[in-house]
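Peer 1: This is the content of data.pdb (PDB, C-alpha atoms and all ligand atoms):
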```pdb
ATOM      1  CA  MET R   1      12.810   1.963   3.622
ATOM      2  CA  LYS R   2      14.439  -0.116   6.287
ATOM      3  CA  LYS R   3      13.310   0.435   9.825
ATOM      4  CA  GLY R   4      16.790   1.476  10.929
ATOM      5  CA  LYS R   5      16.671   4.488   8.634
ATOM      6  CA  ILE R   6      13.406   5.748  10.008
ATOM      7  CA  LEU R   7      13.441   8.738  12.282
ATOM      8  CA  TRP R   8      11.519   8.165  15.495
ATOM      9  CA  LEU R   9       9.873  11.281  16.872
ATOM     10  CA  ALA R  10       6.864  12.050  18.991
ATOM     11  CA  LEU R  11       3.688  12.202  16.931
ATOM     12  CA  PRO R  12       0.476  13.120  18.706
ATOM     13  CA  LEU R  13      -2.507  11.742  16.880
ATOM     14  CA  ALA R  14      -6.150  11.908  17.706
ATOM     15  CA  LEU R  15      -8.392   9.658  15.686
ATOM     16  CA  ALA R  16     -11.891  10.535  14.592
ATOM     17  CA  GLY R  17     -14.071   8.218  12.583
ATOM     18  CA  ALA R  18     -13.017   4.837  13.921
ATOM     19  CA  VAL R  19     -13.503   3.115  17.230
ATOM     20  CA  LEU R  20     -10.186   2.338  18.825
ATOM     21  CA  MET R  21      -9.719  -0.889  20.678
ATOM     22  CA  GLY R  22      -5.951  -1.096  20.886
ATOM     23  CA  LEU R  23      -5.912  -4.795  20.139
ATOM     24  CA  LEU R  24      -2.623  -6.582  20.233
ATOM     25  CA  ARG R  25      -1.131  -8.697  17.528
ATOM     26  CA  PRO R  26      -2.637 -12.198  17.404
ATOM     27  CA  PRO R  27      -0.624 -14.698  19.498
ATOM     28  CA  THR R  28       0.121 -16.808  16.414
ATOM     29  CA  PRO R  29       0.734 -14.363  13.583
ATOM     30  CA  ASP R  30      -0.352 -15.274  10.095
ATOM     31  CA  PRO R  31       2.855 -14.985   8.033
ATOM     32  CA  MET R  32       0.869 -12.943   5.518
ATOM     33  CA  ALA R  33       0.042 -10.563   8.397
ATOM     34  CA  SER R  34      -3.032  -8.364   8.450
ATOM     35  CA  VAL R  35      -3.417  -8.181   4.665
ATOM     36  CA  GLY R  36      -3.370 -11.571   2.937
ATOM     37  CA  LEU R  37      -4.029 -12.294  -0.731
ATOM     38  CA  LEU R  38      -5.859 -10.072  -3.184
ATOM     39  CA  THR R  39      -8.664 -12.570  -3.659
ATOM     40  CA  GLN R  40      -9.355 -12.858   0.065
ATOM     41  CA  PRO R  41     -11.958 -10.592   1.694
ATOM     42  CA  THR R  42     -10.072  -7.474   2.751
ATOM     43  CA  THR R  43     -10.997  -4.086   4.172
ATOM     44  CA  LEU R  44      -8.730  -1.088   3.727
ATOM     45  CA  TYR R  45      -9.573   1.914   5.907
ATOM     46  CA  SER R  46      -8.633   5.430   4.725
ATOM     47  CA  VAL R  47      -7.301   7.915   7.257
ATOM     48  CA  TYR R  48      -6.989  11.528   6.102
ATOM     49  CA  LEU R  49      -4.552  13.412   8.281
ATOM     50  CA  ASP R  50      -5.282  17.070   8.893
ATOM     51  CA  ARG R  51      -2.656  19.581   9.973
ATOM     52  CA  PRO R  52      -3.377  21.960  12.837
ATOM     53  CA  GLU R  53      -3.181  24.839  10.364
ATOM     54  CA  ALA R  54      -4.904  23.147   7.426
ATOM     55  CA  ALA R  55      -7.525  20.454   7.082
ATOM     56  CA  TRP R  56      -7.916  18.417   3.898
ATOM     57  CA  PRO R  57     -10.333  20.392   1.729
ATOM     58  CA  GLN R  58     -13.443  18.378   1.009
ATOM     59  CA  GLU R  59     -12.888  18.594  -2.742
ATOM     60  CA  ASP R  60      -9.336  17.289  -2.340
ATOM     61  CA  ARG R  61     -10.560  14.324  -0.307
ATOM     62  CA  GLN R  62     -13.135  13.622  -2.997
ATOM     63  CA  PHE R  63     -10.481  13.837  -5.691
ATOM     64  CA  GLN R  64      -8.239  11.453  -3.754
ATOM     65  CA  ALA R  65     -11.138   9.023  -3.339
ATOM     66  CA  ALA R  66     -11.794   9.209  -7.081
ATOM     67  CA  GLN R  67      -8.130   8.400  -7.712
ATOM     68  CA  LEU R  68      -8.502   5.403  -5.418
ATOM     69  CA  ALA R  69     -11.570   4.335  -7.395
ATOM     70  CA  LEU R  70      -9.515   4.437 -10.613
ATOM     71  CA  ALA R  71      -6.844   2.274  -8.985
ATOM     72  CA  LEU R  72      -9.458  -0.223  -7.800
ATOM     73  CA  ASP R  73     -11.057  -0.360 -11.264
ATOM     74  CA  TRP R  74      -7.674  -1.222 -12.713
ATOM     75  CA  LEU R  75      -7.018  -3.857 -10.040
ATOM     76  CA  GLU R  76     -10.422  -5.443 -10.726
ATOM     77  CA  GLU R  77      -9.699  -5.449 -14.450
ATOM     78  CA  GLN R  78      -6.315  -7.095 -13.910
ATOM     79  CA  ALA R  79      -7.772  -9.687 -11.532
ATOM     80  CA  GLU R  80     -10.443 -10.571 -14.087
ATOM     81  CA  GLY R  81      -7.697 -10.980 -16.676
ATOM     82  CA  TYR R  82      -6.305 -13.764 -14.505
ATOM     83  CA  GLY R  83      -9.716 -15.307 -13.938
ATOM     84  CA  GLY R  84     -10.048 -13.899 -10.422
ATOM     85  CA  SER R  85     -12.029 -11.161  -8.767
ATOM     86  CA  LEU R  86     -11.414  -8.743  -5.951
ATOM     87  CA  SER R  87     -13.065  -8.925  -2.597
ATOM     88  CA  LEU R  88     -11.669  -5.599  -1.531
ATOM     89  CA  THR R  89     -13.724  -3.063   0.417
ATOM     90  CA  THR R  90     -12.593   0.534   0.794
ATOM     91  CA  GLN R  91     -14.148   3.966   1.188
ATOM     92  CA  VAL R  92     -15.062   3.729  -2.496
ATOM     93  CA  GLN R  93     -17.536   0.951  -1.738
ATOM     94  CA  ASP R  94     -18.403   2.154   1.772
ATOM     95  CA  PRO R  95     -17.857   5.831   2.645
ATOM     96  CA  ALA R  96     -17.866   4.877   6.333
ATOM     97  CA  LEU R  97     -14.433   3.343   5.752
ATOM     98  CA  ALA R  98     -12.766   6.750   5.861
ATOM     99  CA  GLY R  99     -11.900   8.989   8.793
ATOM    100  CA  THR R 100      -9.861  12.013   9.657
ATOM    101  CA  ALA R 101      -7.231  12.614  12.291
ATOM    102  CA  LEU R 102      -5.078  15.461  13.489
ATOM    103  CA  TYR R 103      -1.418  15.080  12.558
ATOM    104  CA  GLU R 104       1.071  17.413  14.226
ATOM    105  CA  GLY R 105       4.278  15.699  13.182
ATOM    106  CA  PRO R 106       6.632  16.818  10.445
ATOM    107  CA  VAL R 107       5.479  16.848   6.840
ATOM    108  CA  GLY R 108       7.404  17.846   3.787
ATOM    109  CA  GLU R 109      10.593  17.333   1.933
ATOM    110  CA  GLY R 110      13.286  15.797   4.091
ATOM    111  CA  THR R 111      10.925  14.787   6.842
ATOM    112  CA  GLY R 112       8.725  11.757   7.302
ATOM    113  CA  PRO R 113       5.820  10.748   9.433
ATOM    114  CA  LEU R 114       6.615   8.679  12.381
ATOM    115  CA  VAL R 115       6.502   4.967  11.797
ATOM    116  CA  SER R 116       6.322   4.088  15.470
ATOM    117  CA  ASP R 117       3.103   6.011  15.963
ATOM    118  CA  PHE R 118       1.714   5.051  12.569
ATOM    119  CA  ASP R 119       2.348   1.440  13.481
ATOM    120  CA  ALA R 120       0.502   1.828  16.765
ATOM    121  CA  TRP R 121      -2.311   3.646  15.044
ATOM    122  CA  ALA R 122      -2.625   1.069  12.263
ATOM    123  CA  ARG R 123      -2.806  -1.571  14.978
ATOM    124  CA  GLU R 124      -5.682   0.242  16.621
ATOM    125  CA  VAL R 125      -7.640   0.862  13.432
ATOM    126  CA  CYS R 126      -7.043  -2.645  12.108
ATOM    127  CA  GLY R 127      -7.774  -4.168  15.489
ATOM    128  CA  SER R 128     -11.129  -2.449  15.461
ATOM    129  CA  LEU R 129     -11.906  -3.573  11.905
ATOM    130  CA  ALA R 130     -10.684  -7.104  12.590
ATOM    131  CA  GLY R 131     -12.926  -7.246  15.613
ATOM    132  CA  ASP R 132     -15.919  -6.903  13.299
ATOM    133  CA  SER R 133     -14.793  -9.697  10.953
ATOM    134  CA  PRO R 134     -11.797 -11.551  12.360
ATOM    135  CA  THR R 135     -11.322 -13.683   9.245
ATOM    136  CA  GLU R 136     -10.966 -10.728   6.903
ATOM    137  CA  GLY R 137      -7.787  -8.990   5.918
ATOM    138  CA  VAL R 138      -7.447  -5.437   7.217
ATOM    139  CA  GLY R 139      -5.101  -2.578   6.414
ATOM    140  CA  VAL R 140      -4.882   1.207   6.483
ATOM    141  CA  LEU R 141      -4.321   3.823   3.796
ATOM    142  CA  PHE R 142      -2.939   7.008   5.353
ATOM    143  CA  PHE R 143      -3.291  10.201   3.304
ATOM    144  CA  LEU R 144      -0.985  12.998   4.393
ATOM    145  CA  PRO R 145      -1.070  16.650   3.443
ATOM    146  CA  GLY R 146       2.140  18.046   2.005
ATOM    147  CA  SER R 147       4.632  16.460  -0.374
ATOM    148  CA  GLY R 148       6.605  13.255  -0.132
ATOM    149  CA  ASN R 149       7.249   9.809  -1.502
ATOM    150  CA  PRO R 150       4.666   7.127  -0.795
ATOM    151  CA  TYR R 151       5.612   3.957   1.009
ATOM    152  CA  THR R 152       4.128   0.806   2.438
ATOM    153  CA  VAL R 153       4.967  -0.876   5.711
ATOM    154  CA  VAL R 154       4.514  -4.627   5.681
ATOM    155  CA  TYR R 155       5.097  -7.388   8.150
ATOM    156  CA  ASP R 156       8.506  -8.989   8.285
ATOM    157  CA  SER R 157       8.688 -12.317  10.097
ATOM    158  CA  GLU R 158      12.154 -11.373  11.310
ATOM    159  CA  TYR R 159      10.402  -8.903  13.577
ATOM    160  CA  PRO R 160       7.452 -10.932  14.885
ATOM    161  CA  GLY R 161       6.441  -8.299  17.432
ATOM    162  CA  GLU R 162       6.218  -5.391  15.001
ATOM    163  CA  TYR R 163       4.449  -4.203  11.912
ATOM    164  CA  TYR R 164       1.839  -6.935  11.875
ATOM    165  CA  TRP R 165      -0.874  -4.450  10.873
ATOM    166  CA  GLU R 166       0.012  -3.318   7.399
ATOM    167  CA  TYR R 167      -0.484   0.110   5.882
ATOM    168  CA  SER R 168       0.418   2.435   3.043
ATOM    169  CA  VAL R 169       1.231   6.121   3.345
ATOM    170  CA  PHE R 170       0.408   8.541   0.531
ATOM    171  CA  TYR R 171       1.255  12.214   0.414
ATOM    172  CA  GLN R 172      -1.158  14.536  -1.305
ATOM    173  CA  TYR R 173       1.595  15.607  -3.672
ATOM    174  CA  THR R 174       4.723  13.940  -4.966
ATOM    175  CA  LEU R 175       8.182  15.387  -4.441
ATOM    176  CA  ASP R 176       9.262  15.144  -8.043
ATOM    177  CA  GLY R 177       7.754  16.771 -11.069
ATOM    178  CA  SER R 178       5.780  19.949 -11.123
ATOM    179  CA  GLU R 179       4.414  21.714  -8.103
ATOM    180  CA  ASN R 180       1.393  20.127  -6.444
ATOM    181  CA  GLN R 181       1.543  17.002  -8.577
ATOM    182  CA  TRP R 182      -0.891  14.365  -7.369
ATOM    183  CA  PRO R 183       0.651  10.882  -7.278
ATOM    184  CA  GLY R 184      -2.026   9.339  -9.483
ATOM    185  CA  PRO R 185      -3.916   6.036  -9.432
ATOM    186  CA  ALA R 186      -0.911   3.961 -10.518
ATOM    187  CA  VAL R 187       0.905   4.897  -7.310
ATOM    188  CA  LEU R 188      -2.143   3.909  -5.280
ATOM    189  CA  ALA R 189      -2.384   0.556  -7.060
ATOM    190  CA  HIS R 190       1.372  -0.047  -6.705
ATOM    191  CA  GLU R 191       1.361   0.518  -2.942
ATOM    192  CA  ILE R 192      -1.864  -1.436  -2.407
ATOM    193  CA  LEU R 193      -0.302  -4.355  -4.275
ATOM    194  CA  HIS R 194       2.617  -4.202  -1.837
ATOM    195  CA  LEU R 195       0.148  -4.801   0.986
ATOM    196  CA  PHE R 196      -0.848  -8.061  -0.717
ATOM    197  CA  GLY R 197       2.708  -9.283  -1.289
ATOM    198  CA  ALA R 198       3.854  -7.648  -4.529
ATOM    199  CA  VAL R 199       7.528  -6.681  -4.668
ATOM    200  CA  ASP R 200       9.271  -3.871  -6.504
ATOM    201  CA  LEU R 201      10.704  -4.684  -9.919
ATOM    202  CA  TYR R 202      11.989  -1.297 -11.081
ATOM    203  CA  PRO R 203      15.684  -0.674 -11.772
ATOM    204  CA  GLY R 204      17.546  -0.153  -8.526
ATOM    205  CA  GLN R 205      15.039  -1.994  -6.345
ATOM    206  CA  GLN R 206      16.377  -4.309  -3.665
ATOM    207  CA  ALA R 207      13.470  -6.728  -3.358
ATOM    208  CA  VAL R 208      14.505  -9.305  -5.954
ATOM    209  CA  SER R 209      17.715 -10.018  -7.809
ATOM    210  CA  ARG R 210      18.573  -7.646 -10.601
ATOM    211  CA  THR R 211      18.396 -10.554 -13.052
ATOM    212  CA  THR R 212      14.865 -11.424 -11.990
ATOM    213  CA  ALA R 213      13.708  -7.799 -12.171
ATOM    214  CA  GLN R 214      15.254  -7.371 -15.605
ATOM    215  CA  THR R 215      13.739 -10.632 -16.877
ATOM    216  CA  ILE R 216      10.247  -9.624 -15.809
ATOM    217  CA  ALA R 217      10.611  -6.011 -16.954
ATOM    218  CA  ALA R 218      11.853  -7.154 -20.356
ATOM    219  CA  ALA R 219       8.765  -9.298 -20.837
ATOM    220  CA  TYR R 220       6.363  -6.827 -19.186
ATOM    221  CA  PRO R 221       7.827  -3.332 -19.494
ATOM    222  CA  ARG R 222       4.521  -1.746 -18.432
ATOM    223  CA  GLU R 223       4.271  -3.879 -15.275
ATOM    224  CA  ILE R 224       2.922  -1.818 -12.349
ATOM    225  CA  MET R 225       5.806  -2.779 -10.046
ATOM    226  CA  VAL R 226       8.249  -1.653 -12.753
ATOM    227  CA  THR R 227       6.743   1.759 -13.443
ATOM    228  CA  VAL R 228       3.982   4.005 -12.158
ATOM    229  CA  ARG R 229       4.428   6.458 -15.051
ATOM    230  CA  ASP R 230       2.366   6.221 -18.185
ATOM    231  CA  SER R 231       3.893   5.177 -21.491
ATOM    232  CA  SER R 232       4.948   8.761 -22.195
ATOM    233  CA  GLY R 233       6.668   9.045 -18.827
ATOM    234  CA  GLN R 234       3.997  11.240 -17.260
ATOM    235  CA  VAL R 235       1.735  10.886 -14.236
ATOM    236  CA  ASP R 236      -1.743  10.012 -15.488
ATOM    237  CA  LEU R 237      -4.556  11.210 -13.218
ATOM    238  CA  THR R 238      -7.314   9.899 -15.481
ATOM    239  CA  GLY R 239      -6.530   6.187 -15.693
ATOM    240  CA  MET R 240      -3.799   3.584 -15.933
ATOM    241  CA  ASP R 241      -2.076   1.896 -18.846
ATOM    242  CA  GLN R 242       0.087  -0.408 -16.725
ATOM    243  CA  THR R 243      -0.107  -4.191 -16.776
ATOM    244  CA  LEU R 244       0.122  -6.815 -14.070
ATOM    245  CA  SER R 245       2.721  -9.453 -14.911
ATOM    246  CA  PRO R 246       2.169 -13.134 -14.108
ATOM    247  CA  PHE R 247       4.893 -12.773 -11.469
ATOM    248  CA  THR R 248       3.051 -10.073  -9.526
ATOM    249  CA  ALA R 249      -0.289 -11.794 -10.133
ATOM    250  CA  TRP R 250       1.171 -14.861  -8.432
ATOM    251  CA  ARG R 251       2.698 -12.804  -5.609
ATOM    252  CA  VAL R 252      -0.734 -11.402  -4.682
ATOM    253  CA  GLY R 253      -2.591 -14.692  -5.019
ATOM    254  CA  LEU R 254      -4.314 -14.319  -8.396
ATOM    255  CA  THR R 255      -2.561 -17.372  -9.847
ATOM    256  CA  GLY R 256      -1.190 -20.581  -8.417
ATOM    257  CA  ASP R 257       2.308 -20.252  -9.842
ATOM    258  CA  PRO R 258       4.567 -17.558 -11.309
ATOM    259  CA  ALA R 259       4.879 -19.119 -14.776
ATOM    260  CA  PRO R 260       6.610 -18.221 -17.043
ATOM    261  CA  PHE R 261       8.953 -16.978 -14.314
ATOM    262  CA  GLU R 262       9.048 -20.195 -12.289
ATOM    263  CA  ASP R 263      12.800 -20.517 -12.804
ATOM    264  CA  CYS R 264      13.526 -17.294 -10.921
ATOM    265  CA  PRO R 265      14.915 -18.003  -7.433
ATOM    266  CA  GLU R 266      12.215 -15.756  -5.997
ATOM    267  CA  ALA R 267       9.585 -18.208  -7.259
ATOM    268  CA  ALA R 268      10.280 -20.151  -4.052
ATOM    269  CA  TRP R 269       8.888 -17.346  -1.920
ATOM    270  CA  PRO R 270       5.395 -17.860  -0.534
ATOM    271  CA  PRO R 271       2.834 -15.474  -2.052
ATOM    272  CA  GLY R 272       1.363 -12.739   0.088
ATOM    273  CA  VAL R 273       4.456 -12.502   2.258
ATOM    274  CA  TRP R 274       7.000  -9.747   2.082
ATOM    275  CA  PRO R 275      10.468 -11.258   2.456
ATOM    276  CA  GLY R 276      12.386  -8.103   3.308
ATOM    277  CA  GLY R 277      10.671  -5.601   5.595
ATOM    278  CA  ALA R 278       9.387  -2.124   4.886
ATOM    279  CA  LEU R 279       9.358  -0.703   1.391
ATOM    280  CA  GLU R 280       9.917   2.675  -0.092
ATOM    281  CA  GLU R 281       7.952   3.767  -3.144
TER     282      GLU R 281
HETATM  283 ZN    ZN S   1       7.127  -0.180  -4.451
END
```
Could you render the structure from this file as structure tokens?

Peer 2:
Amino acid sequence: MKKGKILWLALPLALAGAVLMGLLRPPTPDPMASVGLLTQPTTLYSVYLDRPEAAWPQEDRQFQAAQLALALDWLEEQAEGYGGSLSLTTQVQDPALAGTALYEGPVGEGTGPLVSDFDAWAREVCGSLAGDSPTEGVGVLFFLPGSGNPYTVVYDSEYPGEYYWEYSVFYQYTLDGSENQWPGPAVLAHEILHLFGAVDLYPGQQAVSRTTAQTIAAAYPREIMVTVRDSSGQVDLTGMDQTLSPFTAWRVGLTGDPAPFEDCPEAAWPPGVWPGGALEE
């Protein structure tokens, strides 16, 4: 999703569970922004947004956290496959890294949460976390009630004053498929990988050339940036059968080069950096 397509509306938010400091962007931004490479120490804070008429049920929050744990298990497994390991801390490792907030903006099909306020809020949460450990990467995972398509907002050096603090937004349910369909761990892993510099590779994406996407997808058809569905085309809520291609592994810092895809023009991009702004799905 490009910023120009985003609807800007008022969005009153009141945060509970994190100390707000309202820190500004660092004077010399790291081009990788607030979330660097997957192997670097990183904290991702979960914010569960309650509606005035409906709070997240405790069992639903626990289910969502368990889905996150499945995604993290898969990420750890993939990192180990490339000889690396994660240094990623979330609510799964530390329950204190989750909070709730009141969200009174629009939710549901055809509407979206407000990026301007989410951006300001991510800045406050991340600023607080970064204040504890300024050398660590920090990001936010927003969990919204209602249905919608997940997305990730990442820093774009073309807009040096905006979107430095990176975050992903997940709806409780997806728009497609059956009613009340949870997005599943693959969606969580896909969006989290975006935070670390992974780019979309599915048909119709606009992150890399079609030739590059097709080359990688042909070699790794189960690559997580190609598909978040399981091999039978369904949403799996119990695990993941996706793979992490050498291209994405390089993008997020697990390897030093994108071989065997070093001939793709995109191999010149620096890892950990999103070259094109905000993403959808
Ligand atoms: Zn994506």

Peer 1: Just so the selection is clear, what residues does the PyMOL selection byres (((not hetatm)) within 9 of (chain S and resi 1)) cover here, as a ChimeraX atom specification?

Peer 2: /R:150-152,187,190-191,193-194,198-202,205,225-226,279-281

Peer 1: What residues come out when you apply the PyMOL selection byres (((chain R and resi 63) around 12) and not hetatm) to this file, written as number ranges by chain?

Peer 2: R: 56-62, 64-70, 92, 172, 182-185, 237-238

Peer 1: Selected by the PyMOL selection byres (((chain R and resi 222) around 12) and not hetatm) in the shown coordinates: which residues, as an MDAnalysis selection string?

Peer 2: chainID R and resid 186 201:202 216:221 223:233 240:245

Peer 1: Which value, in Å to one decimal, gives the distance between CA of Asp119 in chain R and CA of Trp165 in chain R?

Peer 2: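 Here the two named atoms are 7.2 Å from each other.
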
Peer 1: Can you tell me which residues surround Pro246 in chain R at a distance of at most 9 Å, considering all atoms listed in the file, apart from same-chain residues fewer than 5 positions away, and format the answer as a list in words?

Peer 2: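 Final neighbour list, sorted by chain and number: Tyr82, Ile216, Arg251, Leu254, Thr255, Asp257, Pro258, Ala259, Pro260 and Phe261 of chain R.
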
Peer 1: Take CA of Pro145 in chain R and CA of Gly99 in chain R and report the distance between them in Å, one decimal.

Peer 2: 14.3 Å

Peer 1: May I ask for the distance between CA of Trp269 in chain R and CA of Leu38 in chain R, given in Å to one decimal place?

Peer 2: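 Between these atoms lies a distance of 16.5 Å.
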
Peer 1: Listed atoms of range 192-195 of chain R, axis-aligned box, 8 Å per side: centre and edge lengths to one decimal in Å, as AutoDock Vina command-line options?

Peer 2:
```
--center_x 0.4 --center_y -3.1 --center_z -1.6 --size_x 20.5 --size_y 19.4 --size_z 21.3
```

Peer 1: Please produce, as JSON lines, a per-residue contact table for range 126-209 of chain R versus range 84-91 of chain R (criterion: any atom at most 12 Å away, all atoms listed in the file considered), showing the nearest atom pair and its distance in Å to one decimal, sorted by chain then residue number.

Peer 2:
```
{"residue": "R:Leu129", "atom": "CA", "partner": "R:Thr89", "partner_atom": "CA", "distance": 11.6}
{"residue": "R:Glu136", "atom": "CA", "partner": "R:Ser87", "partner_atom": "CA", "distance": 9.9}
{"residue": "R:Gly137", "atom": "CA", "partner": "R:Leu88", "partner_atom": "CA", "distance": 9.1}
{"residue": "R:Val138", "atom": "CA", "partner": "R:Thr89", "partner_atom": "CA", "distance": 9.6}
{"residue": "R:Gly139", "atom": "CA", "partner": "R:Thr90", "partner_atom": "CA", "distance": 9.9}
{"residue": "R:Val140", "atom": "CA", "partner": "R:Thr90", "partner_atom": "CA", "distance": 9.6}
{"residue": "R:Leu141", "atom": "CA", "partner": "R:Thr90", "partner_atom": "CA", "distance": 9.4}
{"residue": "R:Ile192", "atom": "CA", "partner": "R:Leu88", "partner_atom": "CA", "distance": 10.7}
{"residue": "R:Leu193", "atom": "CA", "partner": "R:Leu88", "partner_atom": "CA", "distance": 11.8}
{"residue": "R:Phe196", "atom": "CA", "partner": "R:Leu88", "partner_atom": "CA", "distance": 11.1}
```

Peer 1: Of the residues R:Tyr173, R:Glu166, R:Cys264, R:Leu188, which is the one nearest to Val208 in chain R, using only C-alpha atoms?

Peer 2: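 Of the candidates, the smallest distance to Val208 in chain R is held by R:Cys264.
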
Peer 1: From the options R:Leu175, R:Val252, R:Ala189, R:Val153, which residue's atoms come nearest to Asp73 in chain R, counting all atoms listed in the file?

Peer 2: R:Ala189
